[in-house]
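J.: What follows is work_27.txt, made up of compact mmCIF, C-alpha atoms and all ligand atoms:
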```txt
# COMPACT_ATOMS: atom_id res chain seq x y z
CA MET A 1 -13.15 5.98 -7.86
CA ASN A 2 -13.64 2.79 -5.86
CA THR A 3 -10.58 2.10 -3.68
CA LEU A 4 -9.53 -0.87 -1.60
CA VAL A 5 -6.55 -0.57 0.76
CA VAL A 6 -5.30 -3.98 1.91
CA TYR A 7 -2.77 -4.00 4.73
CA ASP A 8 -0.96 -6.17 7.23
CA SER A 9 -0.01 -4.70 10.61
CA GLN A 10 1.48 -6.17 13.77
CA PHE A 11 1.38 -3.12 16.08
CA GLY A 12 -1.26 -0.95 14.38
CA ASN A 13 0.94 1.64 12.64
CA THR A 14 0.43 0.35 9.10
CA GLU A 15 -3.27 0.03 9.83
CA ARG A 16 -3.36 3.70 10.85
CA ILE A 17 -1.68 4.75 7.58
CA ALA A 18 -4.01 2.48 5.57
CA GLN A 19 -7.03 4.06 7.27
CA ALA A 20 -5.72 7.60 6.64
CA ILE A 21 -5.36 6.73 2.92
CA ALA A 22 -8.89 5.29 2.77
CA ASP A 23 -10.32 8.29 4.67
CA ALA A 24 -8.67 10.76 2.27
CA LEU A 25 -9.87 8.83 -0.79
CA SER A 26 -13.44 8.55 0.49
CA GLU A 27 -13.76 12.17 -0.71
CA PHE A 28 -13.64 10.79 -4.28
CA GLY A 29 -15.85 7.68 -3.96
CA GLN A 30 -16.08 4.45 -2.04
CA ALA A 31 -12.86 3.69 -0.16
CA ARG A 32 -12.14 1.18 2.57
CA ALA A 33 -9.13 -0.25 4.36
CA VAL A 34 -9.18 -3.95 5.24
CA HIS A 35 -6.73 -6.33 6.88
CA LEU A 36 -5.48 -8.91 4.37
CA GLY A 37 -7.27 -11.61 6.37
CA GLN A 38 -10.59 -9.98 5.53
CA THR A 39 -10.32 -10.08 1.75
CA ARG A 40 -9.82 -12.57 -1.07
CA PRO A 41 -7.53 -12.19 -4.09
CA ALA A 42 -10.61 -12.43 -6.39
CA GLU A 43 -12.04 -9.24 -4.82
CA LEU A 44 -8.97 -7.23 -5.77
CA ARG A 45 -9.70 -6.76 -9.45
CA GLU A 46 -13.22 -5.48 -8.73
CA VAL A 47 -11.91 -2.08 -7.59
CA ASP A 48 -10.60 0.90 -9.57
CA LEU A 49 -7.59 1.42 -7.32
CA LEU A 50 -5.91 -1.20 -5.16
CA VAL A 51 -3.38 -0.04 -2.52
CA LEU A 52 -1.27 -2.61 -0.66
CA GLY A 53 0.66 -1.82 2.53
CA SER A 54 2.89 -3.81 4.89
CA PRO A 55 5.41 -3.15 7.65
CA ILE A 56 8.99 -4.01 6.73
CA GLN A 57 9.96 -7.10 8.69
CA GLY A 58 13.42 -8.55 8.03
CA TRP A 59 13.95 -6.22 5.01
CA LYS A 60 10.75 -7.51 3.33
CA PRO A 61 6.94 -7.52 3.61
CA THR A 62 5.54 -9.61 6.47
CA PRO A 63 5.19 -13.37 5.83
CA ALA A 64 1.39 -12.92 5.70
CA MET A 65 1.68 -10.20 3.01
CA GLN A 66 4.12 -12.34 1.03
CA ALA A 67 1.70 -15.29 1.17
CA PHE A 68 -1.19 -13.00 0.19
CA LEU A 69 0.76 -11.73 -2.85
CA GLU A 70 1.57 -15.28 -3.90
CA ARG A 71 -2.13 -16.16 -3.93
CA ILE A 72 -2.94 -13.43 -6.49
CA PRO A 73 -3.01 -15.16 -9.89
CA SER A 74 -0.35 -13.98 -12.37
CA GLY A 75 -1.65 -11.39 -14.80
CA SER A 76 -4.96 -11.03 -12.93
CA LEU A 77 -4.46 -7.34 -12.11
CA SER A 78 -3.73 -6.18 -15.66
CA SER A 79 -6.80 -3.88 -15.67
CA THR A 80 -6.40 -2.65 -12.08
CA LYS A 81 -4.57 0.53 -11.05
CA THR A 82 -2.34 -0.10 -8.04
CA ALA A 83 -0.01 1.54 -5.53
CA CYS A 84 1.93 0.27 -2.52
CA PHE A 85 3.56 1.48 0.67
CA ASP A 86 5.33 0.21 3.76
CA THR A 87 6.07 1.37 7.28
CA ARG A 88 9.69 1.31 8.34
CA LEU A 89 12.40 2.52 10.65
CA ARG A 90 14.33 5.66 9.65
CA TRP A 91 17.43 3.71 8.78
CA PRO A 92 19.51 3.83 5.60
CA ARG A 93 18.05 1.75 2.75
CA LEU A 94 20.75 -0.92 3.02
CA LEU A 95 19.97 -1.55 6.70
CA ARG A 96 16.19 -1.32 6.57
CA GLY A 97 15.32 -3.04 3.26
CA SER A 98 11.97 -2.28 1.62
CA ALA A 99 8.61 -4.02 1.74
CA ALA A 100 7.06 -1.56 -0.73
CA ASP A 101 9.70 -2.27 -3.42
CA GLU A 102 9.04 -6.00 -3.07
CA ILE A 103 5.25 -5.50 -3.23
CA ALA A 104 5.73 -3.41 -6.40
CA ARG A 105 7.85 -6.19 -7.90
CA GLN A 106 5.09 -8.72 -7.16
CA LEU A 107 2.42 -6.40 -8.56
CA ARG A 108 4.32 -6.22 -11.86
CA LYS A 109 4.21 -10.02 -11.96
CA LYS A 110 0.44 -9.81 -11.60
CA GLY A 111 0.29 -7.60 -14.67
CA THR A 112 0.12 -4.08 -13.19
CA GLU A 113 2.70 -1.28 -12.91
CA PRO A 114 2.00 0.82 -9.77
CA ILE A 115 0.82 4.33 -10.76
CA VAL A 116 3.28 6.03 -8.36
CA PRO A 117 6.64 4.87 -6.95
CA PRO A 118 6.50 2.71 -3.78
CA GLU A 119 6.21 4.95 -0.70
CA GLY A 120 7.36 4.54 2.92
CA PHE A 121 6.05 6.00 6.20
CA SER A 122 8.34 5.91 9.20
CA VAL A 123 7.97 4.77 12.78
CA LYS A 124 10.15 5.74 15.75
CA GLY A 125 10.65 2.16 16.97
CA LYS A 126 9.57 -1.40 16.29
CA GLU A 127 6.14 -0.88 17.88
CA GLY A 128 5.81 2.73 16.74
CA PRO A 129 4.59 5.33 17.13
CA LEU A 130 4.61 6.90 13.68
CA HIS A 131 6.85 9.96 13.31
CA ALA A 132 5.02 13.29 13.55
CA GLY A 133 3.34 14.28 10.31
CA GLU A 134 3.28 10.80 8.75
CA VAL A 135 -0.52 10.43 8.93
CA GLU A 136 -0.96 13.80 7.17
CA ARG A 137 1.69 12.81 4.60
CA ALA A 138 -0.29 9.59 3.97
CA ALA A 139 -3.45 11.64 3.32
CA ASN A 140 -1.52 13.85 0.86
CA TRP A 141 -0.06 10.77 -0.84
CA ALA A 142 -3.61 9.43 -1.20
CA ARG A 143 -4.67 12.68 -2.97
CA LEU A 144 -1.72 12.23 -5.35
CA LEU A 145 -2.98 8.70 -6.07
CA HIS A 146 -6.35 10.14 -7.00
CA GLU A 147 -4.73 12.68 -9.35
CA LYS A 148 -2.61 9.99 -11.02
CA TYR A 149 -5.63 7.71 -11.31
CA GLU A 150 -7.68 10.45 -12.98
CA ALA A 151 -4.80 11.30 -15.34
CA SER A 152 -4.57 7.64 -16.36
CA GLN A 153 -8.21 7.45 -17.45
CA PRO A 154 -8.95 7.71 -21.18
CA ARG A 155 -10.67 10.96 -22.13
CA PHE A 156 -12.98 11.29 -25.12
CA ALA A 157 -12.14 14.32 -27.25
CA ALA A 158 -14.78 17.07 -27.07
CA ARG A 159 -16.53 17.66 -30.39
C1 LIG B 201 10.33 -9.00 13.40
C2 LIG B 201 10.51 -7.58 12.94
C3 LIG B 201 11.46 -7.29 11.98
C4 LIG B 201 11.63 -5.94 11.54
N1 LIG B 201 12.53 -5.69 10.54
C5 LIG B 201 12.63 -4.41 10.05
C6 LIG B 201 13.49 -4.14 8.96
O1 LIG B 201 14.17 -5.00 8.40
N2 LIG B 201 13.52 -2.86 8.49
C7 LIG B 201 12.79 -1.85 9.05
O2 LIG B 201 12.88 -0.70 8.60
N3 LIG B 201 11.96 -2.09 10.11
C8 LIG B 201 11.87 -3.35 10.61
N4 LIG B 201 11.03 -3.61 11.66
C9 LIG B 201 10.25 -2.51 12.25
C10 LIG B 201 8.92 -2.39 11.53
O3 LIG B 201 9.08 -1.60 10.37
C11 LIG B 201 7.85 -1.81 12.44
O4 LIG B 201 7.60 -2.77 13.45
C12 LIG B 201 6.57 -1.52 11.67
O5 LIG B 201 6.72 -0.42 10.80
C13 LIG B 201 5.41 -1.26 12.58
O6 LIG B 201 4.25 -1.38 11.80
P1 LIG B 201 2.97 -2.11 12.41
O7 LIG B 201 2.63 -1.37 13.65
O8 LIG B 201 1.94 -1.98 11.36
O9 LIG B 201 3.30 -3.55 12.69
C14 LIG B 201 10.85 -4.91 12.11
C15 LIG B 201 9.90 -5.22 13.08
C16 LIG B 201 9.73 -6.53 13.51
C17 LIG B 201 8.68 -6.84 14.55
```
Show the structure stored in the file as structure tokens.
T.:
Amino acid sequence: MNTLVVYDSQFGNTERIAQAIADALSEFGQARAVHLGQTRPAELREVDLLVLGSPIQGWKPTPAMQAFLERIPSGSLSSTKTACFDTRLRWPRLLRGSAADEIARQLRKKGTEPIVPPEGFSVKGKEGPLHAGEVERAANWARLLHEKYEASQPRFAAR
């Protein structure tokens, strides 16, 4: 399974989660985490699994992640498996918003339903650090992505 994790990150926490996901998935094939400035929308459909991650800023993904999502042509990800996550404060949903839900909504517009529900990893304050255990939880989430990806692949019946 060839995985690309594309993230935005202002203080490094989302980058750390993105890297933990890529590290865990490298057990199953090629996997890399790149900042959204280092990739092009055309590259996205060349992978088996695309994971997008952003901090929540003002209840939504960062402006750079929103602009990145807008540049992905509609329907272009219809053959790509996807998942998304955000990093966030441990506040109630109404106060914190969700970047991951918005990324999932945009992914649907591009023709793909994420293979697992949008996930969030929490930070202690605006600049971090991540709460204890979040990096390990990200690695476990990545293994779940692999399982879901494998389960989604067509199997030929044994003769
Ligand atoms: C301008 C700004 C707005 C923010 N707005 C929210 C918010 O609406 N909800 C939330 O949970 N966290 C909010 N945060 C905290 C971010 O979630 C936190 O900075 C982020 O998870 C850190 O990730 P990073 O290190 O990758 O930038 C905000 C942070 C900044 C800088």
J.: Using all atoms listed in the file, which of A:Val47, A:Leu69, A:Ala42, A:Ala18 sits nearest Thr3 (chain A)?
T.: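 Checking each of A:Val47, A:Leu69, A:Ala42, A:Ala18 against Thr3 (chain A), counting all atoms listed in the file, the winner is A:Val47.
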J.: Which residue, A:Arg108, A:Arg45, A:Arg93, A:Lys126, has the smallest gap to ligand LIG 201 (chain B) when you use only C-alpha atoms and all ligand atoms?
T.: A:Lys126
J.: Compile the contact shell of region 139-143 of chain A as a PyMOL selection string: residues with an atom at most 7 Å away, counting only C-alpha atoms, same-chain residues fewer than 4 positions apart removed.
T.: chain A and resi 20-21+24-25+135+147
J.: List every protein, DNA or RNA residue that has an atom no more than 6 Å from (9.3, 3.7, 4.7) in the file's coordinate frame, counting all atoms listed in the file, and report them as JSON, numbers by chain.
T.: {"A": [86, 87, 88, 120, 121, 122]}
J.: Return as an mmCIF file with C-alpha atoms, in the coordinates of the input the residues of protein, DNA or RNA that approach ligand LIG 201 (chain B) to within 9 Å, with all atoms listed in the file taken into account.
T.:
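Once everything was written out, this is part.cif:
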```cif
data_model
loop_
_atom_site.group_PDB
_atom_site.id
_atom_site.type_symbol
_atom_site.label_atom_id
_atom_site.label_comp_id
_atom_site.auth_asym_id
_atom_site.auth_seq_id
_atom_site.Cartn_x
_atom_site.Cartn_y
_atom_site.Cartn_z
ATOM 1 C CA TYR A 7 -2.770 -4.000 4.730
ATOM 2 C CA ASP A 8 -0.960 -6.170 7.230
ATOM 3 C CA SER A 9 -0.010 -4.700 10.610
ATOM 4 C CA GLN A 10 1.480 -6.170 13.770
ATOM 5 C CA PHE A 11 1.380 -3.120 16.080
ATOM 6 C CA GLY A 12 -1.260 -0.950 14.380
ATOM 7 C CA ASN A 13 0.940 1.640 12.640
ATOM 8 C CA THR A 14 0.430 0.350 9.100
ATOM 9 C CA GLU A 15 -3.270 0.030 9.830
ATOM 10 C CA ARG A 16 -3.360 3.700 10.850
ATOM 11 C CA ILE A 17 -1.680 4.750 7.580
ATOM 12 C CA GLY A 53 0.660 -1.820 2.530
ATOM 13 C CA SER A 54 2.890 -3.810 4.890
ATOM 14 C CA PRO A 55 5.410 -3.150 7.650
ATOM 15 C CA ILE A 56 8.990 -4.010 6.730
ATOM 16 C CA GLN A 57 9.960 -7.100 8.690
ATOM 17 C CA GLY A 58 13.420 -8.550 8.030
ATOM 18 C CA TRP A 59 13.950 -6.220 5.010
ATOM 19 C CA LYS A 60 10.750 -7.510 3.330
ATOM 20 C CA THR A 62 5.540 -9.610 6.470
ATOM 21 C CA ASP A 86 5.330 0.210 3.760
ATOM 22 C CA THR A 87 6.070 1.370 7.280
ATOM 23 C CA ARG A 88 9.690 1.310 8.340
ATOM 24 C CA LEU A 89 12.400 2.520 10.650
ATOM 25 C CA ARG A 90 14.330 5.660 9.650
ATOM 26 C CA TRP A 91 17.430 3.710 8.780
ATOM 27 C CA PRO A 92 19.510 3.830 5.600
ATOM 28 C CA ARG A 93 18.050 1.750 2.750
ATOM 29 C CA LEU A 95 19.970 -1.550 6.700
ATOM 30 C CA ARG A 96 16.190 -1.320 6.570
ATOM 31 C CA GLY A 97 15.320 -3.040 3.260
ATOM 32 C CA SER A 98 11.970 -2.280 1.620
ATOM 33 C CA ALA A 99 8.610 -4.020 1.740
ATOM 34 C CA PHE A 121 6.050 6.000 6.200
ATOM 35 C CA SER A 122 8.340 5.910 9.200
ATOM 36 C CA VAL A 123 7.970 4.770 12.780
ATOM 37 C CA LYS A 124 10.150 5.740 15.750
ATOM 38 C CA GLY A 125 10.650 2.160 16.970
ATOM 39 C CA LYS A 126 9.570 -1.400 16.290
ATOM 40 C CA GLU A 127 6.140 -0.880 17.880
ATOM 41 C CA GLY A 128 5.810 2.730 16.740
ATOM 42 C CA PRO A 129 4.590 5.330 17.130
ATOM 43 C CA LEU A 130 4.610 6.900 13.680
#
```
J.: Given only C-alpha atoms as the basis, pick out the residue of A:Gln66, A:Gln30, A:Gln19, A:Ser76 nearest to Leu44 (chain A).
T.: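 Ranking A:Gln66, A:Gln30, A:Gln19, A:Ser76 by distance to Leu44 (chain A), first place goes to A:Ser76.
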J.: With all atoms listed in the file as the basis for distance, which of A:Glu102, A:Glu136, A:Glu119, A:Glu46 is at the shortest distance from Glu70 (chain A)?
T.: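 Under the stated criterion, the closest residue is A:Glu102.
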J.: Would you please work out which residue, of A:Leu107, A:Cys84, A:Ala138, A:Leu52, is nearest to Val34 (chain A) when using all atoms listed in the file?
T.: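 The shortest atom-to-atom distance to Val34 (chain A) comes from A:Leu52.
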J.: Looking at A:Lys81, A:Arg105, A:His146, A:Lys110, which one is nearest to Pro41 (chain A), with distances taken over all atoms listed in the file?
T.: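 Looking only at the distances to Pro41 (chain A), the closest residue turns out to be A:Lys110.
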J.: At what distance in Å, to one decimal, does CA of Gly133 (chain A) lie from CA of Glu113 (chain A)?
T.: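 Spanning CA of Glu113 (chain A) to CA of Gly133 (chain A) is a straight-line distance of 28.0 Å.
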J.: Dig up all the protein and nucleic acid residues within 8 Å of (-5.4, -0.4, -9.6) in the file frame, using only C-alpha atoms, and format them as a ChimeraX atom specification.
T.: /A:45,47-51,77,79-83,112,114-115
J.: What does the structure give for the distance between CA of Leu4 (chain A) and CA of Phe68 (chain A), in Å to one decimal?
T.: 14.8 Å
J.: Between CA of Lys109 (chain A) and CA of Asn2 (chain A), what distance in Å does the model show, to one decimal?
T.: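 So the two atoms, CA of Lys109 (chain A) and CA of Asn2 (chain A), lie 22.8 Å apart.
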J.: So that I can look at just that part, could you write region 122-154 of chain A with N, CA and C atoms, as a short mmCIF file (atom, residue, chain, number, x, y, z; two decimals), in the first residue's frame?
T.:
```cif
data_model
loop_
_atom_site.label_atom_id
_atom_site.label_comp_id
_atom_site.auth_asym_id
_atom_site.auth_seq_id
_atom_site.Cartn_x
_atom_site.Cartn_y
_atom_site.Cartn_z
N SER A 122 -5.37 15.63 20.16
CA SER A 122 -5.48 16.88 20.91
C SER A 122 -4.16 17.40 21.46
N VAL A 123 -4.12 18.75 21.49
CA VAL A 123 -2.97 19.48 22.02
C VAL A 123 -3.39 20.16 23.33
N LYS A 124 -2.36 20.47 24.17
CA LYS A 124 -2.67 21.08 25.47
C LYS A 124 -2.92 22.58 25.35
N GLY A 125 -2.32 23.21 24.35
CA GLY A 125 -2.49 24.66 24.15
C GLY A 125 -2.26 24.96 22.69
N LYS A 126 -2.41 26.24 22.34
CA LYS A 126 -2.32 26.64 20.93
C LYS A 126 -1.05 26.12 20.25
N GLU A 127 0.08 26.22 20.97
CA GLU A 127 1.35 25.79 20.36
C GLU A 127 1.71 24.35 20.70
N GLY A 128 0.82 23.65 21.40
CA GLY A 128 1.10 22.29 21.83
C GLY A 128 1.49 22.31 23.29
N PRO A 129 2.13 21.26 23.80
CA PRO A 129 2.44 20.04 23.06
C PRO A 129 1.21 19.15 22.91
N LEU A 130 1.37 18.04 22.21
CA LEU A 130 0.31 17.05 22.11
C LEU A 130 0.07 16.44 23.50
N HIS A 131 -1.17 16.06 23.78
CA HIS A 131 -1.45 15.34 25.02
C HIS A 131 -0.71 14.00 25.00
N ALA A 132 -0.39 13.51 26.20
CA ALA A 132 0.31 12.22 26.31
C ALA A 132 -0.48 11.14 25.59
N GLY A 133 0.21 10.30 24.86
CA GLY A 133 -0.43 9.15 24.22
C GLY A 133 -0.98 9.42 22.83
N GLU A 134 -0.98 10.70 22.40
CA GLU A 134 -1.60 10.99 21.10
C GLU A 134 -0.77 10.47 19.92
N VAL A 135 0.56 10.47 20.07
CA VAL A 135 1.40 9.96 18.97
C VAL A 135 1.17 8.45 18.81
N GLU A 136 1.07 7.75 19.93
CA GLU A 136 0.81 6.29 19.88
C GLU A 136 -0.58 6.03 19.32
N ARG A 137 -1.55 6.88 19.70
CA ARG A 137 -2.92 6.71 19.19
C ARG A 137 -2.93 6.93 17.67
N ALA A 138 -2.09 7.88 17.19
CA ALA A 138 -2.01 8.13 15.75
C ALA A 138 -1.45 6.89 15.03
N ALA A 139 -0.46 6.24 15.63
CA ALA A 139 0.11 5.03 15.01
C ALA A 139 -0.94 3.93 14.97
N ASN A 140 -1.74 3.79 16.03
CA ASN A 140 -2.81 2.78 16.05
C ASN A 140 -3.89 3.10 15.02
N TRP A 141 -4.21 4.38 14.89
CA TRP A 141 -5.20 4.81 13.90
C TRP A 141 -4.69 4.45 12.49
N ALA A 142 -3.40 4.66 12.28
CA ALA A 142 -2.80 4.33 10.97
C ALA A 142 -2.96 2.84 10.68
N ARG A 143 -2.78 1.98 11.70
CA ARG A 143 -2.93 0.52 11.48
C ARG A 143 -4.38 0.20 11.14
N LEU A 144 -5.32 0.92 11.74
CA LEU A 144 -6.73 0.74 11.40
C LEU A 144 -6.97 1.13 9.93
N LEU A 145 -6.32 2.19 9.50
CA LEU A 145 -6.46 2.61 8.09
C LEU A 145 -6.00 1.49 7.16
N HIS A 146 -4.88 0.87 7.53
CA HIS A 146 -4.39 -0.23 6.70
C HIS A 146 -5.40 -1.36 6.64
N GLU A 147 -5.96 -1.72 7.80
CA GLU A 147 -6.97 -2.81 7.84
C GLU A 147 -8.17 -2.47 6.96
N LYS A 148 -8.66 -1.23 7.08
CA LYS A 148 -9.83 -0.80 6.30
C LYS A 148 -9.50 -0.78 4.81
N TYR A 149 -8.27 -0.35 4.51
CA TYR A 149 -7.86 -0.33 3.10
C TYR A 149 -7.87 -1.74 2.54
N GLU A 150 -7.26 -2.67 3.27
CA GLU A 150 -7.19 -4.06 2.81
C GLU A 150 -8.59 -4.63 2.64
N ALA A 151 -9.48 -4.34 3.60
CA ALA A 151 -10.85 -4.87 3.54
C ALA A 151 -11.61 -4.31 2.35
N SER A 152 -11.19 -3.12 1.88
CA SER A 152 -11.91 -2.49 0.76
C SER A 152 -11.46 -3.02 -0.60
N GLN A 153 -10.38 -3.79 -0.62
CA GLN A 153 -9.84 -4.26 -1.90
C GLN A 153 -10.61 -5.48 -2.39
N PRO A 154 -10.94 -5.51 -3.70
CA PRO A 154 -11.66 -6.67 -4.23
C PRO A 154 -10.81 -7.93 -4.10
#
```
